[in-house]
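Novice: My questions all concern the structure below.
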Amino acid sequence: EASTNILLSALTQNGRLNDAKSVFDRTRQRNVVTWTTLIAAFAQNGHLGEARQLFEAMPQRNIVSWTTILQGFVVLPDVDEAANVFFSMPGRDPVAYNAMIVSYADSGRVLEARALFDEMKQRDTVSWNTIVQAYAQNGHVDQAAFTFDRMPQWDVVSWTAMVTGHAQAGHALQSWEFFVFMKQRNVVSWNGIMNACALTGNILGSKQIFQKMPQWDEISWTSLLAGYAQNGKLLEAEELLVDFPSDD
RNA sequence: UAACACCAGUUAUGA
């Protein structure tokens, strides 16, 4: 039955929702993971109705199944339904809190996001990153920086959030400083600083970063292209298109 | 402090 769940997981990861559903329907031995895997698949594709039906039909739910349905409303987005689920849950762990904080942040309700954060018994690094990002994306980079300074520990996500947060506020220098001070960088950090340059009008910097970065993904290419386009560098954009990687 | 092949939930980058 673990093997069924592995199959289900593989199918949903490849977007084969229908196949996943039919496998689910044909299996007799379902456990909470079987159910939750399918619920997550529906929820991640915006099919909250189906997800909710399964959620209500499942014989027993645990905190992961609750958080899965919660997350479905977070990404929809439907902050009120998300809050509904969140406050109905039999128990809340940091993962559930973090998801709900994101929902408040995405709808501009920073104070409520902060209130939840303060109310948490245990905060993990994701919690801190989430509240830092909540401030940054709502135009309070100063608060984001203040909170960042008080975090017990940082990871690559924390640093990258500050790089992009400052860039969005137009603080090119601070953005760059955070990038330089980072101990570990991944492709997201590199994409972030490249976009930071473009955002603050330094498209030449974007190009240089693109050339220097150790690895690229689709977002790296799209970012540079967008940077050119938004700064009126149409010739450069066309040149870049020639070298664009294709996905087959 | 990580590796030894992934059964489900939360945070950072572009369009």
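By order in the structure tokens, chains are A, B, ...; within a chain, residues start at 1; ligands start at 1, following the order shown.
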Would you list the contacts of U11 (chain B) as a list of chain:residue names, taking every protein, DNA or RNA residue within 8 Å and counting only C-alpha atoms (C1' of nucleotides), but skipping same-chain residues closer than 3 positions in sequence?
Specialist: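 Here the qualifying residues turn out to be A:Asn98, A:Val126, A:Ser127, A:Asn129, A:Thr130, A:Gln133, A:Val157.
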Novice: How would the residues just chosen look if you wrote them out with N, CA and C atoms as a PDB file, in the first residue's frame?
Specialist:
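So the final result, stored in part07.pdb, reads:
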```
ATOM      1  N   ASN A  98       2.498  28.708   9.549  1.00  0.00           N
ATOM      2  CA  ASN A  98       3.249  29.340   8.464  1.00  0.00           C
ATOM      3  C   ASN A  98       2.375  29.521   7.231  1.00  0.00           C
ATOM      4  N   VAL A 126      11.393  28.648   8.798  1.00  0.00           N
ATOM      5  CA  VAL A 126      10.372  28.991   7.811  1.00  0.00           C
ATOM      6  C   VAL A 126       9.437  30.059   8.369  1.00  0.00           C
ATOM      7  N   SER A 127       9.082  29.967   9.641  1.00  0.00           N
ATOM      8  CA  SER A 127       8.216  30.979  10.243  1.00  0.00           C
ATOM      9  C   SER A 127       8.855  32.358  10.158  1.00  0.00           C
ATOM     10  N   ASN A 129      11.286  33.334   8.141  1.00  0.00           N
ATOM     11  CA  ASN A 129      11.367  33.733   6.738  1.00  0.00           C
ATOM     12  C   ASN A 129      10.018  34.242   6.235  1.00  0.00           C
ATOM     13  N   THR A 130       8.975  33.583   6.669  1.00  0.00           N
ATOM     14  CA  THR A 130       7.640  33.942   6.208  1.00  0.00           C
ATOM     15  C   THR A 130       7.251  35.336   6.678  1.00  0.00           C
ATOM     16  N   GLN A 133       9.314  37.961   4.839  1.00  0.00           N
ATOM     17  CA  GLN A 133       8.768  38.126   3.503  1.00  0.00           C
ATOM     18  C   GLN A 133       7.429  38.865   3.544  1.00  0.00           C
ATOM     19  N   VAL A 157      17.127  31.097   2.080  1.00  0.00           N
ATOM     20  CA  VAL A 157      15.835  31.731   1.802  1.00  0.00           C
ATOM     21  C   VAL A 157      15.744  33.090   2.497  1.00  0.00           C
TER      22      VAL A 157
END
```
Novice: Near chain A, which residues of chain B fall within 6 Å when you count only C-alpha atoms (C1' of nucleotides), and what do they look like as an MDAnalysis selection string?
Specialist: chainID B and resid 7:14
Novice: Please return, as a VMD selection string, all residues of region 44-236 of chain A that DSSP assigns to helix (DSSP H, G or I) on the basis of the backbone.
Specialist: chain A and resid 44 48 to 57 63 to 75 79 to 88 94 to 106 110 to 119 125 to 137 141 to 149 156 to 168 172 to 181 187 to 199 203 to 212 218 to 230 234 to 236
Novice: Neighbouring residues of Ser107 (chain A) were defined as those with any atom within 9 Å, considering only C-alpha atoms (C1' of nucleotides); residues of the same chain fewer than 5 positions away were excluded. Please report them as a ChimeraX atom specification.
Specialist: /A:77-79,102
Novice: Suppose you want the space between CA of Leu199 (chain A) and CA of Ala167 (chain A); what is it in Å?
Specialist: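 Distance reported for this atom pair: 6.6 Å.
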Novice: Calculate how many Å separate CA of Phe73 (chain A) from CA of Phe87 (chain A), rounding to one decimal.
Specialist: 13.3 Å
